[in-house]
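Next comes input06.cif, a file with mmCIF, C-alpha atoms.
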data_start
#
loop_
_atom_site.label_atom_id
_atom_site.label_comp_id
_atom_site.auth_asym_id
_atom_site.auth_seq_id
_atom_site.Cartn_x
_atom_site.Cartn_y
_atom_site.Cartn_z
CA MET A 1 152.52 -35.72 9.87
CA ALA A 2 156.04 -36.18 11.13
CA ALA A 3 158.09 -38.94 9.55
CA VAL A 4 158.20 -42.11 11.66
CA SER A 5 161.05 -44.59 11.51
CA ILE A 6 160.19 -48.13 10.45
CA SER A 7 162.26 -49.47 13.32
CA ALA A 8 159.75 -47.97 15.75
CA VAL A 9 156.82 -49.54 13.94
CA LEU A 10 158.32 -53.00 13.89
CA THR A 11 159.68 -53.14 17.42
CA GLY A 12 158.80 -56.41 19.18
CA THR A 13 157.30 -59.58 17.80
CA ALA A 14 155.10 -58.95 14.67
CA ALA A 15 151.99 -61.00 13.95
CA ALA A 16 152.28 -60.54 10.18
CA VAL A 17 150.80 -63.78 8.89
CA PRO A 18 147.02 -64.28 9.27
CA PRO A 19 145.53 -67.53 10.60
CA PRO A 20 146.20 -70.53 8.36
CA PRO A 21 143.75 -71.04 5.47
CA PRO A 22 142.01 -74.43 4.97
CA ASN A 23 144.36 -77.24 3.97
CA PRO A 24 142.41 -80.01 2.17
CA SER A 25 143.89 -83.48 2.46
CA ASP A 26 145.31 -85.45 -0.45
CA ALA A 27 142.37 -87.87 -0.11
CA GLU A 28 139.86 -85.02 -0.43
CA ILE A 29 141.58 -83.68 -3.53
CA SER A 30 141.79 -87.18 -5.08
CA ALA A 31 138.12 -87.88 -4.33
CA SER A 32 137.12 -84.57 -5.89
CA ARG A 33 139.15 -85.33 -9.02
CA ALA A 34 137.61 -88.81 -9.27
CA GLU A 35 134.12 -87.33 -9.03
CA ALA A 36 134.92 -84.84 -11.78
CA ASP A 37 136.30 -87.66 -13.97
CA ALA A 38 133.11 -89.67 -13.41
CA LYS A 39 130.98 -86.69 -14.37
CA ALA A 40 133.09 -86.20 -17.51
CA ALA A 41 132.60 -89.87 -18.46
CA ARG A 42 128.85 -89.49 -17.93
CA VAL A 43 128.81 -86.44 -20.18
CA GLY A 44 130.61 -88.47 -22.86
CA GLU A 45 128.11 -91.30 -22.56
CA LEU A 46 125.11 -88.98 -22.81
CA THR A 47 126.70 -87.17 -25.74
CA GLY A 48 126.99 -90.48 -27.60
CA ARG A 49 123.39 -91.40 -26.83
CA LEU A 50 122.22 -87.96 -27.85
CA THR A 51 124.03 -88.28 -31.18
CA GLN A 52 122.27 -91.58 -31.84
CA ALA A 53 118.92 -90.14 -30.80
CA GLU A 54 119.34 -87.15 -33.09
CA SER A 55 120.25 -89.50 -35.97
CA ARG A 56 117.11 -91.56 -35.32
CA LEU A 57 115.09 -88.38 -35.10
CA GLN A 58 116.31 -87.38 -38.54
CA GLU A 59 115.39 -90.81 -39.93
CA LEU A 60 111.88 -90.50 -38.54
CA LEU A 61 111.62 -87.01 -39.91
CA ASP A 62 112.54 -88.37 -43.33
CA GLU A 63 109.71 -90.89 -42.99
CA VAL A 64 107.26 -88.20 -42.07
CA VAL A 65 108.17 -86.03 -45.04
CA LYS A 66 107.88 -88.92 -47.50
CA ARG A 67 104.46 -87.79 -48.64
CA GLU A 68 104.72 -89.06 -52.22
CA LEU A 69 103.22 -92.45 -51.44
CA ALA A 70 100.26 -90.78 -49.80
CA ASN A 71 100.03 -88.37 -52.72
CA LYS A 72 100.06 -91.32 -55.17
CA ALA A 73 97.27 -92.99 -53.23
CA ARG A 74 95.22 -89.81 -53.34
CA VAL A 75 95.80 -89.34 -57.09
CA ASP A 76 94.95 -92.98 -57.76
CA LEU A 77 91.77 -92.64 -55.75
CA GLU A 78 90.77 -89.49 -57.60
CA THR A 79 91.43 -91.25 -60.93
CA ALA A 80 89.45 -94.31 -59.83
CA ILE A 81 86.56 -92.14 -58.72
CA SER A 82 86.65 -90.33 -62.06
CA ASP A 83 86.73 -93.67 -63.93
CA ALA A 84 83.84 -94.97 -61.86
CA GLU A 85 81.80 -91.88 -62.57
CA ALA A 86 82.50 -92.24 -66.30
CA ALA A 87 81.53 -95.92 -66.14
CA ARG A 88 78.32 -95.01 -64.38
CA ARG A 89 77.54 -92.45 -67.08
CA GLU A 90 78.29 -95.04 -69.78
CA ALA A 91 76.13 -97.59 -67.99
CA THR A 92 73.31 -95.08 -67.80
CA ALA A 93 73.68 -94.28 -71.52
CA ALA A 94 73.79 -98.00 -72.34
CA ARG A 95 70.66 -98.53 -70.28
CA VAL A 96 68.94 -95.79 -72.25
CA GLN A 97 70.04 -97.42 -75.51
CA ALA A 98 68.97 -100.86 -74.26
CA ASP A 99 65.60 -99.46 -73.31
CA ALA A 100 65.31 -97.91 -76.79
CA ALA A 101 66.25 -101.23 -78.40
CA SER A 102 63.64 -103.04 -76.33
CA GLN A 103 61.11 -100.45 -77.45
CA ALA A 104 62.13 -101.05 -81.07
CA VAL A 105 61.62 -104.82 -80.59
CA GLU A 106 58.15 -104.19 -79.26
CA GLU A 107 57.31 -101.89 -82.17
CA SER A 108 58.59 -104.47 -84.71
CA ARG A 109 56.50 -107.17 -83.13
CA ARG A 110 53.45 -104.91 -83.20
CA ALA A 111 53.99 -104.03 -86.89
CA LEU A 112 54.27 -107.70 -87.81
CA ASP A 113 51.14 -108.54 -85.89
CA GLU A 114 49.27 -105.73 -87.60
CA PHE A 115 50.40 -106.89 -91.05
CA ALA A 116 49.30 -110.46 -90.39
CA ALA A 117 45.92 -109.26 -89.16
CA ALA A 118 45.48 -107.25 -92.30
CA SER A 119 46.16 -110.28 -94.50
CA TYR A 120 43.53 -112.26 -92.63
CA SER A 121 40.99 -109.50 -93.10
CA GLN A 122 41.44 -109.94 -96.86
CA GLY A 123 40.32 -113.54 -96.58
CA SER A 124 43.59 -115.32 -96.99
CA THR A 125 46.16 -116.82 -94.76
CA VAL A 126 49.42 -115.10 -95.46
CA GLY A 127 52.25 -117.42 -96.17
CA SER A 128 50.03 -120.53 -96.68
CA PHE A 129 49.21 -122.57 -99.79
CA SER A 130 45.52 -121.72 -99.46
CA ALA A 131 46.31 -118.25 -100.69
CA TYR A 132 46.62 -119.62 -104.24
CA ILE A 133 43.34 -121.59 -104.16
CA GLY A 134 40.36 -119.86 -105.72
CA ALA A 135 42.33 -117.76 -108.20
CA LYS A 136 39.94 -116.94 -111.06
CA SER A 137 42.48 -116.20 -113.74
CA PRO A 138 46.23 -116.31 -114.32
CA GLU A 139 46.42 -112.59 -113.57
CA ASP A 140 44.69 -113.15 -110.25
CA LEU A 141 47.08 -115.99 -109.44
CA LEU A 142 50.09 -113.78 -110.25
CA ALA A 143 48.77 -110.98 -108.06
CA ARG A 144 48.29 -113.34 -105.16
CA ALA A 145 51.84 -114.72 -105.58
CA GLN A 146 53.31 -111.19 -105.58
CA MET A 147 51.35 -110.30 -102.45
CA LEU A 148 52.59 -113.44 -100.67
CA GLU A 149 56.18 -112.60 -101.57
CA ALA A 150 55.79 -109.09 -100.26
CA VAL A 151 54.25 -110.31 -97.05
CA SER A 152 57.00 -112.87 -96.56
CA SER A 153 59.76 -110.36 -97.30
CA SER A 154 58.27 -107.78 -94.96
CA GLY A 155 57.85 -110.35 -92.23
CA LEU A 156 61.41 -111.56 -92.57
CA ASN A 157 62.72 -107.98 -92.42
CA GLN A 158 60.70 -107.31 -89.32
CA LEU A 159 61.97 -110.50 -87.72
CA ASP A 160 65.61 -109.61 -88.58
CA ARG A 161 65.21 -106.15 -87.07
CA VAL A 162 63.68 -107.60 -83.93
CA THR A 163 66.56 -110.05 -83.55
CA ARG A 164 69.20 -107.38 -84.21
CA ASP A 165 67.67 -104.91 -81.78
CA GLN A 166 67.49 -107.56 -79.09
CA GLY A 167 71.22 -108.43 -79.54
CA THR A 168 72.30 -104.77 -79.48
CA ALA A 169 70.40 -104.12 -76.29
CA ALA A 170 71.91 -107.17 -74.61
CA ASN A 171 75.50 -106.27 -75.68
CA LEU A 172 75.24 -102.65 -74.52
CA ASP A 173 73.81 -103.63 -71.18
CA SER A 174 76.50 -106.29 -70.61
CA ALA A 175 79.37 -103.93 -71.51
CA ALA A 176 78.02 -101.19 -69.28
CA ARG A 177 77.71 -103.55 -66.31
CA ALA A 178 81.28 -104.85 -66.83
CA ALA A 179 82.75 -101.32 -67.02
CA LEU A 180 80.89 -100.26 -63.90
CA THR A 181 82.07 -103.33 -61.97
CA LYS A 182 85.70 -102.71 -62.98
CA ALA A 183 85.54 -99.03 -62.05
CA GLU A 184 84.04 -99.79 -58.65
CA LEU A 185 86.78 -102.35 -57.95
CA LYS A 186 89.44 -99.75 -58.83
CA GLN A 187 87.81 -97.21 -56.56
CA ALA A 188 87.69 -99.68 -53.68
CA ALA A 189 91.39 -100.59 -54.16
CA ALA A 190 92.45 -96.93 -54.39
CA ASP A 191 90.46 -96.05 -51.30
CA GLU A 192 92.16 -98.86 -49.37
CA ALA A 193 95.61 -97.72 -50.58
CA LYS A 194 94.83 -94.18 -49.43
CA LYS A 195 93.85 -95.43 -45.98
CA VAL A 196 97.04 -97.53 -45.69
CA ALA A 197 99.26 -94.61 -46.78
CA GLU A 198 97.62 -92.17 -44.38
CA GLN A 199 97.87 -94.65 -41.50
CA ALA A 200 101.58 -95.21 -42.23
CA GLN A 201 102.17 -91.47 -42.28
CA GLN A 202 100.31 -91.06 -39.00
CA VAL A 203 102.42 -93.79 -37.39
CA ALA A 204 105.61 -92.09 -38.62
CA ALA A 205 104.47 -88.73 -37.27
CA GLU A 206 103.67 -90.22 -33.85
CA ALA A 207 107.05 -91.98 -33.77
CA HIS A 208 108.78 -88.71 -34.62
CA THR A 209 106.92 -86.92 -31.82
CA ALA A 210 107.91 -89.60 -29.31
CA GLN A 211 111.54 -89.53 -30.46
CA THR A 212 111.57 -85.73 -30.19
CA ALA A 213 110.50 -86.01 -26.54
CA ALA A 214 113.18 -88.63 -25.85
CA THR A 215 115.85 -86.53 -27.53
CA THR A 216 114.82 -83.45 -25.57
CA GLN A 217 115.05 -85.42 -22.32
CA LEU A 218 118.53 -86.67 -23.23
CA GLN A 219 119.60 -83.11 -23.99
CA SER A 220 118.25 -81.99 -20.63
CA ASP A 221 120.04 -84.85 -18.85
CA ARG A 222 123.32 -84.01 -20.54
CA ASP A 223 122.99 -80.32 -19.69
CA ALA A 224 122.36 -81.23 -16.05
CA VAL A 225 125.41 -83.51 -15.91
CA GLU A 226 127.53 -80.84 -17.61
CA ARG A 227 126.50 -78.40 -14.90
CA ASP A 228 127.46 -81.00 -12.29
CA LEU A 229 130.77 -81.48 -14.10
CA ALA A 230 131.45 -77.74 -14.03
CA ALA A 231 130.66 -77.68 -10.31
CA ALA A 232 132.89 -80.70 -9.67
CA ARG A 233 135.76 -79.16 -11.61
CA GLY A 234 135.21 -75.92 -9.71
CA GLU A 235 135.44 -77.86 -6.46
CA VAL A 236 138.68 -79.50 -7.61
CA ASN A 237 140.10 -76.11 -8.57
CA GLY A 238 138.94 -74.68 -5.26
CA LEU A 239 140.61 -77.42 -3.23
CA GLU A 240 143.81 -77.15 -5.25
CA ALA A 241 143.75 -73.36 -4.83
CA GLN A 242 143.33 -73.84 -1.06
CA ARG A 243 146.30 -76.17 -1.08
CA ARG A 244 148.42 -73.61 -2.97
CA GLN A 245 147.29 -70.87 -0.62
CA TYR A 246 148.16 -73.04 2.36
CA ASP A 247 151.64 -73.71 0.92
CA GLN A 248 152.15 -69.99 0.47
CA TRP A 249 150.95 -69.40 4.02
CA THR A 250 153.45 -72.00 5.26
CA GLU A 251 156.31 -70.20 3.52
CA ALA A 252 155.14 -66.84 4.85
CA LYS A 253 154.77 -68.28 8.34
CA LYS A 254 158.30 -69.65 8.17
CA ARG A 255 159.68 -66.26 7.20
CA GLU A 256 157.66 -64.63 9.96
CA ASP A 257 158.96 -67.06 12.58
CA GLU A 258 162.52 -66.48 11.44
CA GLU A 259 162.02 -62.72 11.62
CA ASN A 260 160.38 -62.91 15.03
CA ALA A 261 163.24 -65.05 16.29
CA ARG A 262 165.74 -62.54 14.98
CA ARG A 263 163.84 -59.70 16.63
CA ALA A 264 163.59 -61.55 19.90
CA ALA A 265 167.34 -62.14 19.92
CA ALA A 266 167.99 -58.49 19.14
CA ALA A 267 165.63 -57.36 21.89
CA GLN A 268 167.30 -59.69 24.37
CA ALA A 269 170.74 -58.37 23.46
CA ALA A 270 169.52 -54.82 23.83
CA ALA A 271 168.03 -55.57 27.24
CA GLN A 272 171.29 -57.11 28.41
CA ALA A 273 173.13 -54.01 27.31
CA SER A 274 170.61 -51.90 29.29
CA ARG A 275 169.72 -49.99 26.22
CA PRO A 276 165.95 -49.68 25.74
CA PRO A 277 164.81 -49.89 22.14
CA VAL A 278 164.16 -46.45 20.71
CA ALA A 279 163.09 -45.22 17.33
CA ALA A 280 166.15 -44.27 15.38
CA PRO A 281 165.97 -41.77 12.52
CA ALA A 282 166.79 -42.95 9.07
CA PRO A 283 170.47 -42.82 8.28
CA SER A 284 171.46 -39.80 6.27
CA GLY A 285 171.31 -40.61 2.62
CA ASN A 286 169.31 -43.82 3.15
CA ARG A 287 166.94 -43.54 0.19
CA VAL A 288 164.91 -46.65 1.08
CA GLN A 289 164.21 -45.32 4.55
CA THR A 290 163.22 -41.98 3.08
CA VAL A 291 160.63 -43.64 0.85
CA ILE A 292 159.27 -45.69 3.75
CA ASN A 293 159.11 -42.69 6.07
CA ARG A 294 157.25 -40.58 3.50
CA ALA A 295 154.64 -43.35 3.07
CA LEU A 296 154.29 -43.84 6.84
CA SER A 297 153.87 -40.10 7.34
CA GLN A 298 150.49 -40.35 5.61
CA ARG A 299 148.98 -42.93 7.96
CA GLY A 300 145.40 -42.00 8.78
CA VAL A 301 144.89 -39.96 5.60
CA ILE A 302 141.56 -40.89 3.97
CA TYR A 303 141.44 -43.04 0.84
CA ALA A 304 140.33 -41.18 -2.28
CA TRP A 305 140.19 -43.01 -5.60
CA GLY A 306 142.46 -41.23 -8.08
CA GLY A 307 143.84 -39.05 -5.28
CA GLY A 308 147.46 -38.21 -4.48
CA ASN A 309 150.47 -37.01 -6.46
CA TYR A 310 154.17 -36.26 -5.99
CA ASN A 311 153.40 -33.47 -3.55
CA GLY A 312 150.82 -35.13 -1.29
CA PRO A 313 147.10 -35.93 -1.06
CA THR A 314 144.61 -34.48 -3.58
CA TYR A 315 140.92 -34.64 -4.34
CA GLY A 316 139.76 -37.98 -5.69
CA VAL A 317 138.01 -38.40 -9.04
CA ARG A 318 134.74 -39.96 -10.10
CA ASP A 319 134.69 -43.62 -11.16
CA GLY A 320 130.96 -43.97 -11.85
CA GLY A 321 130.70 -46.78 -9.30
CA VAL A 322 132.00 -47.75 -5.86
CA ALA A 323 134.24 -44.75 -5.33
CA ASP A 324 131.41 -42.37 -6.20
CA SER A 325 129.15 -44.13 -3.70
CA TYR A 326 131.72 -43.27 -0.99
CA GLY A 327 132.06 -39.68 -2.24
CA ASP A 328 135.78 -40.10 -2.98
CA TYR A 329 135.66 -37.21 -5.47
CA LEU A 330 134.84 -34.90 -2.52
CA LYS A 331 137.69 -36.18 -0.35
CA ILE A 332 141.37 -35.19 -0.20
CA GLY A 333 143.50 -38.30 0.11
CA PHE A 334 145.40 -41.06 -1.66
CA ASP A 335 144.62 -44.16 -3.63
CA CYS A 336 147.15 -47.03 -3.66
CA SER A 337 149.24 -45.86 -6.61
CA GLY A 338 148.97 -42.21 -5.56
CA LEU A 339 150.60 -43.10 -2.23
CA MET A 340 153.51 -44.78 -4.10
CA MET A 341 153.94 -41.65 -6.24
CA TYR A 342 154.29 -39.50 -3.12
CA ALA A 343 156.61 -41.92 -1.32
CA PHE A 344 159.15 -42.33 -4.13
CA ALA A 345 159.05 -38.68 -5.21
CA GLY A 346 161.02 -37.98 -2.02
CA VAL A 347 164.09 -39.62 -3.59
CA GLY A 348 163.55 -38.26 -7.09
CA VAL A 349 161.71 -41.27 -8.52
CA TYR A 350 158.51 -40.21 -10.30
CA LEU A 351 156.06 -43.01 -10.90
CA PRO A 352 152.93 -43.00 -13.14
CA HIS A 353 149.54 -42.93 -11.40
CA TYR A 354 148.58 -46.55 -12.21
CA SER A 355 149.70 -49.69 -10.38
CA GLY A 356 149.97 -51.74 -13.60
CA TYR A 357 152.55 -49.26 -14.97
CA GLN A 358 154.31 -49.07 -11.63
CA TYR A 359 154.71 -52.87 -11.66
CA ASN A 360 156.85 -52.53 -14.80
CA SER A 361 158.77 -49.43 -13.65
CA GLY A 362 161.67 -51.16 -11.92
CA ARG A 363 163.53 -54.43 -11.47
CA LYS A 364 161.49 -57.62 -10.84
CA VAL A 365 162.49 -59.56 -7.72
CA PRO A 366 160.97 -62.91 -6.65
CA LEU A 367 158.41 -62.50 -3.87
CA SER A 368 160.47 -64.75 -1.60
CA GLN A 369 163.37 -62.24 -1.82
CA MET A 370 161.42 -59.04 -1.19
CA ALA A 371 163.03 -56.41 1.03
CA PRO A 372 161.89 -53.16 2.66
CA GLY A 373 161.19 -50.49 0.09
CA ASP A 374 159.94 -52.93 -2.56
CA MET A 375 156.49 -52.45 -4.09
CA ILE A 376 154.09 -55.42 -3.77
CA PHE A 377 151.34 -55.94 -6.36
CA TRP A 378 148.09 -57.84 -6.75
CA GLY A 379 145.94 -58.80 -9.73
CA PRO A 380 146.81 -59.50 -13.39
CA GLY A 381 149.81 -57.41 -14.41
CA GLY A 382 149.77 -55.77 -11.00
CA GLY A 383 146.77 -53.72 -12.07
CA THR A 384 144.55 -54.30 -9.01
CA HIS A 385 146.53 -52.99 -6.02
CA VAL A 386 149.98 -51.89 -4.85
CA ALA A 387 151.56 -51.49 -1.38
CA LEU A 388 155.02 -50.71 0.02
CA TYR A 389 156.83 -53.50 1.88
CA LEU A 390 158.15 -52.48 5.31
CA GLY A 391 159.80 -55.73 6.35
CA GLY A 392 158.74 -58.27 8.95
CA GLY A 393 155.73 -59.35 6.88
CA MET A 394 154.21 -55.87 7.10
CA MET A 395 153.31 -53.27 4.48
CA VAL A 396 151.85 -49.75 4.23
CA GLU A 397 148.97 -49.17 1.84
CA ALA A 398 145.98 -47.05 0.84
CA PRO A 399 143.57 -50.02 0.75
CA HIS A 400 140.09 -49.05 -0.51
CA SER A 401 137.25 -46.53 -0.38
CA GLY A 402 136.08 -45.89 3.16
CA ALA A 403 139.47 -46.78 4.68
CA VAL A 404 142.62 -44.79 5.49
CA VAL A 405 146.34 -45.18 4.80
CA ARG A 406 147.45 -47.91 7.22
CA ILE A 407 150.01 -50.59 8.09
CA SER A 408 148.78 -54.14 7.37
CA PRO A 409 150.13 -57.70 7.29
CA VAL A 410 151.06 -58.78 3.78
CA ARG A 411 148.11 -60.55 2.10
CA TYR A 412 149.10 -63.45 -0.09
CA GLY A 413 145.80 -64.16 -1.83
CA GLY A 414 146.06 -63.01 -5.45
CA ILE A 415 149.54 -61.56 -4.92
CA MET A 416 151.91 -61.29 -7.89
CA PRO A 417 154.94 -63.64 -7.82
CA TYR A 418 157.37 -60.69 -8.14
CA VAL A 419 157.88 -57.40 -6.36
CA THR A 420 159.25 -54.27 -8.06
CA ARG A 421 162.50 -52.78 -6.69
CA MET A 422 163.12 -49.17 -7.60
CA LEU A 423 166.21 -48.47 -5.40
#
Render the structure in this file as structure tokens.
Amino acid sequence: MAAVSISAVLTGTAAAVPPPPPNPSDAEISASRAEADAKAARVGELTGRLTQAESRLQELLDEVVKRELANKARVDLETAISDAEAARREATAARVQADAASQAVEESRRALDEFAAASYSQGSTVGSFSAYIGAKSPEDLLARAQMLEAVSSSGLNQLDRVTRDQGTAANLDSAARAALTKAELKQAAADEAKKVAEQAQQVAAEAHTAQTAATTQLQSDRDAVERDLAAARGEVNGLEAQRRQYDQWTEAKKREDEENARRAAAAQAAAQASRPPVAAPAPSGNRVQTVINRALSQRGVIYAWGGGNYNGPTYGVRDGGVADSYGDYLKIGFDCSGLMMYAFAGVGVYLPHYSGYQYNSGRKVPLSQMAPGDMIFWGPGGGTHVALYLGGGMMVEAPHSGAVVRISPVRYGGIMPYVTRML
């Protein structure tokens, strides 16, 4: 395309600044901050309560895992049961011995009765004086005396055995009953201790379960309030960002009004001099105008990501994403930094094909002092987009896939605070 002078493009009053963005009031910003502060205080309160709840949960968990008392109760019960079983076996053995002793008493009584009956069958009363009457000789009398002594001795022995056996049986039976009673009392006490320990453990487990539910609810409540806090802080940041954007718009609008006023005065002076405004070629040797004219000469050329070099438009390259979806790699055109390469190559300035490097290629000038021929950047480090400032709040750019090289009003959202001046 033929080079076009910037003066022709910017003839008349330019509408460079877009409509004003939202401008939240101070009251809205203050109310939003107060809401965020309230949410933060609520988060702090719930955090404190959650800490206490988690501490209580740990205490209850300690109670649940204290199983030694329950274990002691179980061991004591097992020991008591064992003792009771042993006492029952001893009582059974004692009963057998008592029964045997009773049998021995009965047998002793029967032997004594039989001996007495035998003495009567011999015609004498054992143990009585009549046994000595009727003795026919001294030898007979001696024999009867010896027999009486034997009968008496045997009877006394039998009586002693009967008495001894009866006492043994009574003692064994009494001891066995006492041991059994003691063992059964121990078993009953151990069983009761086991029940108490298990009930206490059950209560602790139920308390731990309930506290777990309460702690989980507190955690959920805190998470919900933290989400609200994040949203509230986001709203505050959004309102403050709107305010900053509005302030920037105000400054841009002021510059635009001043430029429009200057243009109107120039147009009026030209009309009075009867000289219609015409497009004037760039002054010879004007390097800034050369750069601008080279960029403007590419208006209407298709955008191609990765396209463009010092000599003009080229095929784009694949990006594996948006650009590929538009088929940029099949198109011959420019991307934003490729257009800057072509524009400045006309005055012998050769820029790298990346806006972030181009941002650091020249002298930094505050945005408020930008002049025609300066490069304008967006994004961190200027790495998102670059355009060439034309003056009057206008710029030329290769904007994005699907678009063409065009003149646009300067966009202030996300713009870098400095422009780069190469000339």
Starting from the shown file, work through the PyMOL selection byres ((chain A and resi 360) around 10) and note down what comes out as a VMD selection string. chain A and resid 355 to 359 361 to 364 381 to 382 419 to 421
Can you spit out the residues from that selection as a short mmCIF file (atom, residue, chain, number, x, y, z; two decimals), keeping the file's coordinate frame, using C-alpha atoms?
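Generated output (out_4.cif):
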data_model
loop_
_atom_site.label_atom_id
_atom_site.label_comp_id
_atom_site.auth_asym_id
_atom_site.auth_seq_id
_atom_site.Cartn_x
_atom_site.Cartn_y
_atom_site.Cartn_z
CA SER A 355 149.70 -49.69 -10.38
CA GLY A 356 149.97 -51.74 -13.60
CA TYR A 357 152.55 -49.26 -14.97
CA GLN A 358 154.31 -49.07 -11.63
CA TYR A 359 154.71 -52.87 -11.66
CA SER A 361 158.77 -49.43 -13.65
CA GLY A 362 161.67 -51.16 -11.92
CA ARG A 363 163.53 -54.43 -11.47
CA LYS A 364 161.49 -57.62 -10.84
CA GLY A 381 149.81 -57.41 -14.41
CA GLY A 382 149.77 -55.77 -11.00
CA VAL A 419 157.88 -57.40 -6.36
CA THR A 420 159.25 -54.27 -8.06
CA ARG A 421 162.50 -52.78 -6.69
#
Residue members of the PyMOL selection byres ((chain A and resi 348) around 12) in the file shown, as a VMD selection string: chain A and resid 287 to 288 290 to 291 310 to 311 341 to 347 349 to 351 422 to 423
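Across the structure, atom CA of A:Gly308 and atom CA of A:Ala371 are spaced 24.6 Å apart.
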Pick from A:Leu142, A:Gln199, A:Leu390, A:Leu239, whichever lies nearest to A:Ala31 using only C-alpha atoms: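 Among the listed residues, A:Leu239 lies closest to A:Ala31.
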Which residues fall under the PyMOL selection byres ((chain A and resi 235) around 12) in this file, as a PyMOL selection string? chain A and resi 24+28-36+228-234+236-242
Could you state the separation of atom CA of A:Arg89 and atom CA of A:Lys194 in Å, given to one decimal place?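 Computing the Euclidean distance for atom CA of A:Arg89 and atom CA of A:Lys194 yields 24.8 Å.
Among the candidates A:Gln217, A:Gly167, A:Pro417, A:Ser325, the residue lying nearest to A:Val105 is A:Gly167 (atoms considered: all atoms listed in the file).
Interatomic distance, atom CA of A:Ala252 against atom CA of A:Arg406: 20.6 Å.
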At a cut-off of 12 Å, using all atoms listed in the file, what residues contact A:Ala93? Leave out same-chain residues fewer than 4 positions from it and give the result as a PyMOL selection string. chain A and resi 86-89+97-100+169+172-173+175-177
